[in-house]
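K.L.:
So here's run-v3.tsv, just TSV, C-alpha atoms:
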chain	number	residue	atom	x	y	z
A	1	ASN	CA	27.89	2.73	37.75
A	2	ASP	CA	24.46	4.26	37.62
A	3	GLN	CA	22.33	2.38	40.18
A	4	ARG	CA	19.14	4.20	39.44
A	5	PRO	CA	16.22	1.96	38.34
A	6	PRO	CA	15.29	2.09	34.66
A	7	LEU	CA	12.56	4.46	33.66
A	8	LYS	CA	9.18	2.89	33.04
A	9	ARG	CA	7.85	3.45	29.55
A	10	SER	CA	4.24	4.39	29.06
A	11	ALA	CA	2.14	2.48	26.56
A	12	SER	CA	2.38	5.39	24.14
A	13	VAL	CA	6.19	5.27	23.85
A	14	TYR	CA	7.63	3.56	20.78
A	15	SER	CA	10.05	0.71	21.35
A	16	ASN	CA	11.27	0.89	17.72
A	17	ILE	CA	10.43	2.66	14.47
A	18	ASN	CA	7.73	0.09	13.66
A	19	GLY	CA	5.92	0.59	16.94
A	20	VAL	CA	2.25	1.48	16.58
A	21	PRO	CA	0.35	2.89	19.55
A	22	ARG	CA	-3.34	2.31	20.12
A	23	THR	CA	-6.07	4.56	21.34
A	24	THR	CA	-7.65	4.08	24.74
A	25	THR	CA	-10.30	1.93	23.02
A	26	GLY	CA	-7.67	-0.33	21.45
A	27	ARG	CA	-7.94	1.08	17.94
A	28	LEU	CA	-5.21	2.12	15.55
A	29	PRO	CA	-4.71	5.90	15.40
A	30	HIS	CA	-4.90	6.28	11.61
A	31	LEU	CA	-6.82	3.31	10.21
A	32	GLY	CA	-9.22	3.41	13.13
A	33	LEU	CA	-9.39	-0.40	13.07
A	34	THR	CA	-8.85	-3.02	15.72
A	35	ASP	CA	-8.15	-6.76	15.69
A	36	GLY	CA	-10.42	-8.82	13.45
A	37	GLU	CA	-11.71	-5.94	11.34
A	38	LEU	CA	-9.11	-6.22	8.55
A	39	ALA	CA	-8.69	-9.39	6.48
A	40	ASN	CA	-5.43	-11.09	5.48
A	41	ARG	CA	-6.26	-10.32	1.85
A	42	VAL	CA	-6.55	-6.61	1.11
A	43	VAL	CA	-7.10	-4.53	-2.01
A	44	ILE	CA	-6.10	-0.91	-1.48
A	45	VAL	CA	-7.28	1.89	-3.78
A	46	GLY	CA	-6.96	5.64	-3.90
A	47	HIS	CA	-10.47	6.80	-4.73
A	48	ILE	CA	-13.37	6.16	-2.39
A	49	ALA	CA	-15.70	5.51	-5.34
A	50	ARG	CA	-13.46	2.65	-6.49
A	51	ALA	CA	-13.55	1.19	-2.99
A	52	GLU	CA	-17.35	1.39	-2.95
A	53	LEU	CA	-17.52	-0.37	-6.32
A	54	LEU	CA	-15.25	-3.23	-5.24
A	55	ALA	CA	-17.01	-3.52	-1.89
A	56	SER	CA	-20.32	-4.04	-3.71
A	57	PHE	CA	-19.05	-7.51	-4.65
A	58	LEU	CA	-18.55	-8.53	-1.02
A	59	GLN	CA	-21.00	-10.51	1.09
A	60	PRO	CA	-21.53	-10.16	4.86
A	61	GLU	CA	-19.59	-12.55	7.07
A	62	GLU	CA	-22.79	-13.48	8.87
A	63	VAL	CA	-26.11	-14.34	7.23
A	64	GLY	CA	-28.41	-11.37	7.55
A	65	GLY	CA	-25.57	-9.14	8.64
A	66	LYS	CA	-23.88	-6.20	6.96
A	67	ILE	CA	-20.54	-5.59	5.31
A	68	PHE	CA	-18.12	-4.16	7.84
A	69	TYR	CA	-17.57	-0.46	7.16
A	70	LEU	CA	-15.45	2.12	8.93
A	71	SER	CA	-14.28	5.55	7.83
A	72	SER	CA	-11.52	6.92	10.04
A	73	ASP	CA	-10.89	10.58	10.77
A	74	ARG	CA	-7.49	10.28	9.03
A	75	GLY	CA	-8.83	9.54	5.56
A	76	TYR	CA	-8.96	5.71	5.50
A	77	THR	CA	-12.16	3.89	4.56
A	78	THR	CA	-12.37	0.13	5.12
A	79	TYR	CA	-14.85	-2.49	3.92
A	80	THR	CA	-14.52	-6.12	5.06
A	81	GLY	CA	-16.64	-9.06	3.99
A	82	LEU	CA	-16.56	-12.30	2.03
A	83	PHE	CA	-15.72	-12.81	-1.62
A	84	ASN	CA	-16.44	-16.33	-2.86
A	85	GLY	CA	-16.49	-17.38	0.77
A	86	VAL	CA	-13.06	-15.92	1.56
A	87	LYS	CA	-12.66	-12.97	3.92
A	88	MET	CA	-11.13	-9.91	2.30
A	89	SER	CA	-10.97	-6.17	2.77
A	90	VAL	CA	-11.09	-3.19	0.43
A	91	VAL	CA	-9.47	-0.02	1.77
A	92	ALA	CA	-9.44	3.46	0.25
A	93	ILE	CA	-6.21	5.10	1.37
A	94	GLY	CA	-5.98	8.18	-0.82
A	95	MET	CA	-2.63	8.99	-2.43
A	96	GLY	CA	0.95	9.51	-1.42
A	97	CYS	CA	3.77	7.81	0.42
A	98	VAL	CA	2.57	8.74	3.89
A	99	MET	CA	-0.83	7.10	3.43
A	100	VAL	CA	0.72	3.83	2.26
A	101	ASP	CA	3.32	3.94	5.02
A	102	PHE	CA	0.74	4.28	7.78
A	103	PHE	CA	-1.51	1.66	6.21
A	104	ILE	CA	1.17	-1.07	6.06
A	105	ARG	CA	2.58	-0.33	9.50
A	106	GLU	CA	-0.80	-0.36	11.20
A	107	ALA	CA	-2.34	-3.20	9.18
A	108	ARG	CA	0.55	-5.45	10.13
A	109	GLN	CA	-0.22	-4.89	13.81
A	110	ILE	CA	-3.79	-6.22	13.68
A	111	VAL	CA	-3.51	-9.04	11.13
A	112	GLN	CA	-2.20	-12.41	12.22
A	113	GLY	CA	-0.39	-14.55	9.64
A	114	PRO	CA	0.43	-13.63	6.03
A	115	LEU	CA	-0.78	-10.25	4.81
A	116	LEU	CA	-1.46	-9.97	1.07
A	117	VAL	CA	-1.86	-6.43	-0.27
A	118	VAL	CA	-2.65	-5.45	-3.86
A	119	ARG	CA	-2.79	-1.82	-4.96
A	120	PHE	CA	-5.44	-1.29	-7.64
A	121	GLY	CA	-5.40	2.15	-9.19
A	122	THR	CA	-4.88	4.22	-12.29
A	123	CYS	CA	-1.83	5.77	-13.92
A	124	GLY	CA	-0.81	7.84	-16.88
A	125	VAL	CA	0.25	6.15	-20.13
A	126	LEU	CA	3.78	6.88	-21.32
A	127	GLN	CA	3.94	4.55	-24.33
A	128	GLU	CA	1.65	4.65	-27.36
A	129	GLN	CA	1.40	0.87	-27.64
A	130	VAL	CA	-0.22	0.70	-24.19
A	131	GLN	CA	-3.87	1.45	-24.86
A	132	VAL	CA	-6.22	3.14	-22.43
A	133	GLY	CA	-7.90	0.49	-20.30
A	134	THR	CA	-4.93	-1.88	-20.34
A	135	VAL	CA	-4.27	-3.58	-17.01
A	136	ASN	CA	-0.66	-3.09	-15.93
A	137	VAL	CA	0.96	-5.60	-13.57
A	138	ALA	CA	4.27	-4.60	-11.97
A	139	SER	CA	5.59	-8.14	-12.34
A	140	GLU	CA	9.20	-7.10	-12.95
A	141	GLY	CA	9.37	-4.93	-9.88
A	142	ALA	CA	8.94	-1.25	-9.18
A	143	VAL	CA	11.27	1.67	-8.66
A	144	MET	CA	10.93	4.91	-6.79
A	145	VAL	CA	11.62	8.08	-8.75
A	146	GLN	CA	12.20	11.17	-6.63
A	147	ARG	CA	12.78	14.70	-7.77
A	148	ASN	CA	15.99	16.22	-6.48
A	149	TYR	CA	14.77	19.66	-5.51
A	150	ASP	CA	18.33	20.95	-5.11
A	151	ALA	CA	18.77	20.55	-8.86
A	152	PHE	CA	15.99	23.01	-9.70
A	153	PRO	CA	16.41	26.13	-7.55
A	154	LEU	CA	16.78	28.44	-10.54
A	155	ALA	CA	16.83	27.82	-14.26
A	156	GLU	CA	20.39	29.12	-14.64
A	157	GLN	CA	21.63	26.62	-12.04
A	158	HIS	CA	20.54	23.50	-13.91
A	159	LYS	CA	24.13	22.72	-14.85
A	160	THR	CA	25.47	22.59	-11.33
A	161	GLY	CA	26.16	18.86	-11.46
A	162	PHE	CA	23.07	17.80	-9.52
A	163	ASP	CA	21.04	14.96	-10.99
A	164	GLY	CA	17.48	16.07	-11.53
A	165	TYR	CA	16.03	12.79	-10.27
A	166	THR	CA	17.08	9.84	-8.17
A	167	ILE	CA	15.89	6.36	-9.10
A	168	SER	CA	15.96	3.53	-6.59
A	169	ARG	CA	16.89	-0.04	-7.32
A	170	ALA	CA	14.01	-2.22	-8.46
A	171	VAL	CA	12.07	-3.90	-5.69
A	172	LEU	CA	10.43	-7.16	-6.70
A	173	PRO	CA	6.81	-7.93	-5.84
A	174	ASP	CA	5.79	-11.21	-4.28
A	175	SER	CA	6.21	-13.76	-7.08
A	176	ASN	CA	3.43	-16.14	-6.02
A	177	LEU	CA	0.92	-13.35	-5.57
A	178	THR	CA	1.85	-11.82	-8.92
A	179	GLN	CA	1.63	-15.14	-10.77
A	180	ASN	CA	-1.80	-15.82	-9.30
A	181	ILE	CA	-3.05	-12.38	-10.33
A	182	VAL	CA	-1.75	-12.78	-13.88
A	183	ALA	CA	-3.20	-16.29	-14.20
A	184	GLN	CA	-6.63	-15.10	-13.06
A	185	MET	CA	-6.51	-12.11	-15.40
A	186	ARG	CA	-5.57	-14.35	-18.31
A	187	GLU	CA	-8.58	-16.53	-17.53
A	188	ASP	CA	-11.04	-13.67	-17.05
A	189	LEU	CA	-9.80	-11.10	-19.57
A	190	GLY	CA	-7.95	-13.16	-22.16
A	191	GLU	CA	-4.52	-12.60	-23.63
A	192	GLY	CA	-3.55	-9.09	-24.65
A	193	SER	CA	-5.66	-7.32	-22.06
A	194	TYR	CA	-2.77	-6.69	-19.72
A	195	VAL	CA	0.94	-5.95	-19.83
A	196	TYR	CA	3.85	-6.65	-17.55
A	197	ALA	CA	5.48	-3.52	-16.18
A	198	SER	CA	9.25	-3.58	-16.63
A	199	SER	CA	10.60	-1.69	-13.64
A	200	SER	CA	9.00	1.50	-14.89
A	201	THR	CA	6.54	2.39	-12.17
A	202	THR	CA	7.10	4.79	-9.34
A	203	SER	CA	5.85	2.63	-6.51
A	204	THR	CA	8.19	0.61	-4.38
A	205	SER	CA	7.72	-1.75	-1.50
A	206	GLU	CA	9.98	-3.38	1.02
A	207	LEU	CA	7.56	-5.06	3.35
A	208	GLY	CA	8.95	-7.64	5.75
A	209	LYS	CA	8.37	-11.26	6.37
A	210	ALA	CA	4.89	-12.69	5.87
A	211	THR	CA	3.77	-9.64	3.91
A	212	SER	CA	3.21	-9.65	0.15
A	213	TYR	CA	2.57	-6.61	-1.99
A	214	VAL	CA	1.90	-5.74	-5.61
A	215	GLY	CA	1.84	-2.02	-6.45
A	216	GLU	CA	1.36	0.32	-9.38
A	217	MET	CA	2.19	3.86	-10.42
A	218	GLN	CA	-0.04	6.55	-8.96
A	219	GLN	CA	0.64	9.63	-11.06
A	220	GLN	CA	4.00	11.07	-9.94
A	221	THR	CA	3.70	10.41	-6.23
A	222	PRO	CA	6.28	7.78	-5.25
A	223	PHE	CA	6.18	6.00	-1.96
A	224	THR	CA	8.41	3.76	0.10
A	225	VAL	CA	6.81	1.14	2.27
A	226	PRO	CA	8.87	0.39	5.39
A	227	ARG	CA	10.11	-2.99	6.47
A	228	VAL	CA	7.82	-4.26	9.20
A	229	GLU	CA	9.25	-6.96	11.42
Let me see the file written as structure tokens.
P.N.:
Amino acid sequence: NDQRPPLKRSASVYSNINGVPRTTTGRLPHLGLTDGELANRVVIVGHIARAELLASFLQPEEVGGKIFYLSSDRGYTTYTGLFNGVKMSVVAIGMGCVMVDFFIREARQIVQGPLLVVRFGTCGVLQEQVQVGTVNVASEGAVMVQRNYDAFPLAEQHKTGFDGYTISRAVLPDSNLTQNIVAQMREDLGEGSYVYASSSTTSTSELGKATSYVGEMQQQTPFTVPRVE
């Protein structure tokens, strides 16, 4: 038997795939945030201008104070304040699976209790009956569509038996969060101003306990959100 003492791990070594290191100042390496700077309720967007617009509806947490603002050197911009007296954050994360992946992993490390995340963005319209400006809620779940690059090396090899695309199973959003969003939209916008997506978007989420997520299609960039224990 090996009698040597176990090696000591430094603070920067991951203990599992969901491990998130911190900087020497206690901040997350990508979001740039630390404990208390991100709310339990978060709206994530792709475009910084959309984040600025939503953040304009927030109020400072302290009278006479300012909305919390931080722009990290990895492309994440966070606003945190109060909306109708409830603390919430708006975060611009850009586009793509990697940006969502890092956001969920790191956000889960600094938020205590349930974490509610809603993606608010834009997407292309694939059906004529869905008019421009319609709000699309992925209430029936979302799937991830990935291009199989091995199927398209050369035009003459298209009939090699490879499927051009792989489509994941549908991943359901949080039912309570989705129902609350739809109910509020029905009250504010009226009937007919939104549609339910029927497993046709390219976003997917598999978040972990105490995390709720509602996503939407962002052009043709699919993403998978990891399970965070």
K.L.:
Find, counting all atoms listed in the file, the residue in A:Leu38, A:His30, A:Pro60, A:Ile181 that gets nearest to Arg108 in chain A.
P.N.:
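Under the stated criterion, the closest residue is A:Leu38.
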K.L.:
Ranking A:Cys97, A:Val135, A:Ala170, A:Ala151 by minimum distance to Gly190 in chain A and counting all atoms listed in the file, which one comes first?
P.N.:
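For Gly190 in chain A, the nearest of the candidates is A:Val135.
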K.L.:
Grab the CA of Ile93 in chain A to CA of Thr78 in chain A distance for me, in Å with one decimal place.
P.N.:
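Computed distance, CA of Ile93 in chain A to CA of Thr78 in chain A, equals 8.8 Å.
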K.L.:
For Val86 in chain A, please output as a PyMOL selection string all residues within 12 Å (counting all atoms listed in the file; exclusion window: fewer than 5 positions along the same chain).
P.N.:
chain A and resi 39-42+58-61+80-81
K.L.:
Just give me the gap between CA of Glu140 in chain A and CA of Ser168 in chain A in Å, one decimal is fine.
P.N.:
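Spanning CA of Glu140 in chain A to CA of Ser168 in chain A is a straight-line distance of 14.1 Å.
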K.L.:
Using only C-alpha atoms, find the one residue out of A:Ala142, A:Gln184, A:Leu53, A:Tyr79 that sits nearest to Lys66 in chain A.
P.N.:
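When distances to Lys66 in chain A are compared using only C-alpha atoms, the smallest one comes from A:Tyr79.
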K.L.:
To one decimal in Å, tell me the separation between CA of Val90 in chain A and CA of Ile44 in chain A.
P.N.:
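That distance, rounded to one decimal, is 5.8 Å.
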